[in-house]
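structure38.csv (CSV, C-alpha atoms) appears below.
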```csv
chain,number,residue,atom,x,y,z
N,473,MET,CA,14.2,2.2,38.0
N,474,THR,CA,14.8,-1.4,38.9
N,475,ILE,CA,16.9,-3.8,36.9
N,476,SER,CA,13.9,-5.7,35.6
N,477,ALA,CA,12.3,-2.4,34.4
N,478,GLN,CA,15.6,-1.5,32.7
N,479,LEU,CA,15.7,-4.9,31.0
N,480,MET,CA,12.1,-4.5,29.9
N,481,SER,CA,12.9,-1.1,28.6
N,482,ALA,CA,15.8,-2.5,26.6
N,483,VAL,CA,13.6,-5.3,25.2
N,484,ILE,CA,10.9,-2.9,24.2
N,485,MET,CA,13.4,-0.6,22.4
N,486,LEU,CA,14.9,-3.7,20.7
N,487,ALA,CA,11.5,-4.7,19.5
N,488,SER,CA,10.9,-1.1,18.4
N,489,GLY,CA,14.1,-1.3,16.4
N,490,LEU,CA,13.0,-4.6,14.8
N,491,PHE,CA,9.6,-3.0,13.9
N,492,VAL,CA,11.4,0.1,12.4
N,493,GLY,CA,13.7,-2.1,10.3
N,494,CYS,CA,10.7,-4.1,9.1
N,495,VAL,CA,8.7,-1.0,8.1
N,496,ILE,CA,11.7,0.7,6.3
N,497,ASP,CA,12.6,-2.5,4.5
N,498,SER,CA,8.9,-3.0,3.4
N,499,THR,CA,8.8,0.6,2.3
N,500,ARG,CA,11.9,0.2,0.2
N,501,ALA,CA,10.7,-3.0,-1.3
N,502,VAL,CA,7.3,-1.5,-2.3
N,503,LEU,CA,8.9,1.6,-3.7
N,504,GLY,CA,11.6,-0.5,-5.5
N,505,GLY,CA,8.9,-2.6,-7.1
N,506,LEU,CA,7.2,0.3,-8.8
N,507,SER,CA,8.2,1.3,-12.3
N,508,GLY,CA,10.5,4.3,-12.7
N,509,ARG,CA,7.9,6.3,-14.7
N,510,GLN,CA,5.4,6.5,-11.9
N,511,TRP,CA,5.4,9.8,-10.0
N,512,ILE,CA,5.5,7.9,-6.6
N,513,ARG,CA,8.7,6.2,-7.5
N,514,GLN,CA,10.2,9.6,-8.4
N,515,CYS,CA,9.3,10.9,-5.0
N,516,ALA,CA,10.8,7.8,-3.2
N,517,VAL,CA,13.4,9.7,-1.2
N,518,VAL,CA,10.8,12.1,0.1
N,519,LEU,CA,8.4,9.3,1.0
N,520,GLU,CA,11.0,7.3,2.8
N,521,LEU,CA,12.0,10.4,4.7
N,522,MET,CA,8.4,10.9,5.7
N,523,VAL,CA,8.2,7.3,6.9
N,524,TRP,CA,11.4,7.8,9.0
N,525,VAL,CA,9.8,10.9,10.6
N,526,ALA,CA,6.6,9.1,11.3
N,527,LEU,CA,8.5,6.2,12.8
N,528,GLY,CA,10.4,8.7,15.0
N,529,PHE,CA,7.2,10.2,16.3
N,530,CYS,CA,5.8,6.7,16.9
N,531,THR,CA,9.0,5.7,18.8
N,532,PHE,CA,8.8,8.8,21.0
N,533,TYR,CA,5.1,8.2,21.6
N,534,PHE,CA,5.9,4.5,22.4
N,535,LEU,CA,8.5,5.7,24.9
N,536,TYR,CA,6.0,8.1,26.5
N,537,VAL,CA,3.4,5.4,26.9
N,538,THR,CA,5.7,2.6,28.2
N,539,LYS,CA,8.1,4.6,30.3
N,540,GLY,CA,6.2,7.7,31.2
N,541,GLY,CA,8.3,9.9,28.9
N,542,GLN,CA,11.6,8.9,30.5
N,543,TRP,CA,14.4,8.7,28.0
N,544,ARG,CA,17.7,7.0,28.7
N,545,ALA,CA,20.8,7.3,26.6
N,546,VAL,CA,20.8,3.6,25.9
N,547,ASP,CA,17.3,3.7,24.3
N,548,PRO,CA,18.5,4.8,20.9
N,549,LEU,CA,21.3,2.3,21.1
N,550,PHE,CA,18.9,-0.6,21.7
N,551,GLN,CA,16.8,0.6,18.9
N,552,LEU,CA,19.8,0.7,16.6
N,553,VAL,CA,20.7,-2.8,17.8
N,554,GLY,CA,17.1,-3.9,16.8
N,555,ILE,CA,17.5,-2.3,13.4
N,556,PHE,CA,20.8,-4.0,12.8
N,557,ALA,CA,19.4,-7.3,14.1
N,558,TYR,CA,16.5,-7.1,11.7
N,559,ASP,CA,18.9,-6.3,8.8
N,560,LYS,CA,21.3,-9.2,9.6
N,561,LEU,CA,19.1,-11.9,11.1
N,562,PHE,CA,15.4,-11.4,10.3
N,563,ARG,CA,15.3,-9.8,6.9
N,564,ARG,CA,15.1,-12.9,4.9
N,565,PHE,CA,12.4,-14.4,7.1
N,566,PHE,CA,10.2,-11.3,7.1
N,567,ARG,CA,10.6,-11.0,3.3
N,568,PHE,CA,9.6,-14.6,2.9
N,569,VAL,CA,6.6,-14.0,5.2
N,570,GLY,CA,5.7,-10.9,3.2
N,571,ARG,CA,5.8,-12.9,-0.1
N,572,VAL,CA,3.7,-15.7,1.4
N,573,PHE,CA,1.2,-13.1,2.7
N,574,VAL,CA,0.9,-11.4,-0.7
N,575,LEU,CA,0.5,-14.8,-2.5
N,576,LEU,CA,-2.1,-16.1,-0.1
N,577,PHE,CA,-4.1,-13.0,0.7
N,578,ILE,CA,-3.5,-10.0,-1.4
N,579,ARG,CA,-3.4,-11.6,-4.9
N,580,PRO,CA,-6.6,-13.7,-4.4
N,581,ILE,CA,-8.4,-10.6,-3.2
N,582,TYR,CA,-7.0,-8.6,-6.1
N,583,TRP,CA,-8.2,-11.3,-8.6
N,584,ILE,CA,-11.6,-11.6,-7.0
N,585,ILE,CA,-12.1,-7.8,-7.3
N,586,TYR,CA,-10.7,-7.9,-10.9
N,587,ILE,CA,-13.1,-10.7,-11.9
N,588,ILE,CA,-16.1,-8.9,-10.4
N,589,GLY,CA,-15.1,-5.7,-12.1
N,590,ARG,CA,-14.7,-7.4,-15.5
N,591,PHE,CA,-18.1,-9.1,-15.0
N,592,PHE,CA,-19.8,-5.8,-14.3
N,593,LEU,CA,-18.0,-4.2,-17.2
N,594,MET,CA,-19.1,-7.0,-19.5
N,595,CYS,CA,-22.7,-6.7,-18.3
N,596,TRP,CA,-22.5,-2.9,-18.9
N,597,HIS,CA,-21.3,-3.5,-22.5
N,598,VAL,CA,-24.0,-6.1,-23.2
N,599,CYS,CA,-26.8,-3.8,-21.8
N,600,ARG,CA,-25.4,-0.9,-23.7
N,601,SER,CA,-25.3,-2.9,-26.9
N,602,ILE,CA,-28.9,-4.0,-26.5
N,603,VAL,CA,-30.1,-0.5,-25.8
N,604,LEU,CA,-28.2,0.9,-28.8
N,605,PHE,CA,-29.5,-1.9,-31.0
N,606,ILE,CA,-33.1,-1.1,-29.9
N,607,LEU,CA,-32.6,2.6,-30.4
N,608,THR,CA,-31.0,2.2,-33.9
N,609,PRO,CA,-34.2,2.6,-35.9
N,610,PHE,CA,-35.2,5.7,-33.9
N,611,THR,CA,-31.8,7.3,-34.4
N,612,LYS,CA,-31.9,6.6,-38.2
N,613,LEU,CA,-35.4,8.0,-38.4
N,614,TYR,CA,-34.3,11.1,-36.5
N,615,LYS,CA,-31.3,11.6,-38.8
N,616,VAL,CA,-33.6,11.2,-41.9
N,617,THR,CA,-36.3,13.6,-40.7
N,618,ILE,CA,-34.8,16.1,-38.4
N,619,GLY,CA,-31.1,15.7,-38.8
N,620,ASN,CA,-30.9,17.0,-42.4
N,621,ARG,CA,-32.6,20.3,-41.6
N,622,PHE,CA,-29.7,21.5,-39.5
N,623,LYS,CA,-27.0,20.7,-42.0
N,624,LYS,CA,-25.9,23.6,-44.2
```

Have the structure of the file written as structure tokens, please.
Amino acid sequence: MTISAQLMSAVIMLASGLFVGCVIDSTRAVLGGLSGRQWIRQCAVVLELMVWVALGFCTFYFLYVTKGGQWRAVDPLFQLVGIFAYDKLFRRFFRFVGRVFVLLFIRPIYWIIYIIGRFFLMCWHVCRSIVLFILTPFTKLYKVTIGNRFKK
């Protein structure tokens, strides 16, 4: 393995560490934002452990794809450096970008879906009220003629 290939391997593992740090931080932020009564919040440790395992599999797959399955002792060290670099240098920036993303993309989509849902619900209630209003004389007639026969 040449020096440039080793440097590229180190940079790839550093980027992998940054990605792992970002995913874990996002997972903790999402789980921390849930109320304590939700069952998913009560299973936070198990969910985070599952995310760690999935990231481990992804890292080894990434190593397999980029380096043909070769594993060096410095690879986990560079990944740890990437995780620590994310924690100390990039966390505030990524959290800011995440908040901007939520404010600019997720919330408008949520509100559009909410407004469309409320519109259809309102239409459903109006149609239901009209149908019930039209059927009111028939239901009263049914109660007067047939409904009393079955009461004892």

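Closest approach to N:Ala516 among N:Ser601, N:Thr499, N:Thr531, N:Thr617 is made by N:Thr499 (distances from only C-alpha atoms).
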
Contacts of N:Gly493 at 9 Å or less, counting only C-alpha atoms, minus same-chain residues fewer than 4 places along, as an NGL selection string?
-> :N and (488-489 or 497-498 or 554-559 or 563)

Excluding N:Ser481 and residues on its chain fewer than 6 positions from it, collect all residues at most 9 Å away from it, counting all atoms listed in the file, and give them as an NGL selection string.
-> :N and (535 or 538-539 or 547)

Contacts of N:Val546 within 10 Å, only C-alpha atoms, excl. fewer than 5 positions in-chain, as a ChimeraX atom specification | /N:478,481-482,485,551-552

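Rounded to one decimal, atom CA of N:Arg567 and atom CA of N:Leu521 lie 21.5 Å from each other.
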
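Minimum atom-to-atom distance to N:Ala501, evaluated using only C-alpha atoms, belongs to N:Arg571 out of N:Arg571, N:Gln514, N:Pro548, N:Met480.
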
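Here atom CA of N:Lys560 stands at a distance of 23.2 Å from atom CA of N:Val525.
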
Of the listed residues N:Leu490, N:Leu519, N:Ile584, N:Val616, that which approaches N:Leu503 most closely, counting only C-alpha atoms = N:Leu519

With a distance cut-off of 8 Å and only C-alpha atoms, select the neighbouring residues of N:Ile496, excluding the residue or stretch itself and same-chain residues fewer than 5 positions from it, and output the selection as a PDB file with C-alpha atoms, in the coordinates of the input.
```
ATOM      1  CA  GLU N 520      11.000   7.300   2.800  1.00  0.00           C
ATOM      2  CA  VAL N 523       8.200   7.300   6.900  1.00  0.00           C
ATOM      3  CA  TRP N 524      11.400   7.800   9.000  1.00  0.00           C
TER       4      TRP N 524
END
```

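A straight line drawn from atom CA of N:Val492 to atom CA of N:Leu561 is 14.3 Å long.
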
Show which residues sit within 9 Å of N:Leu527, as a ChimeraX atom specification. Count only C-alpha atoms, and ignore same-chain residues fewer than 5 positions away.
-> /N:492,495,522,532

Which of N:Phe566, N:Thr608, N:Leu549, N:Val572 sits closest to N:Leu486 [using only C-alpha atoms] | N:Leu549
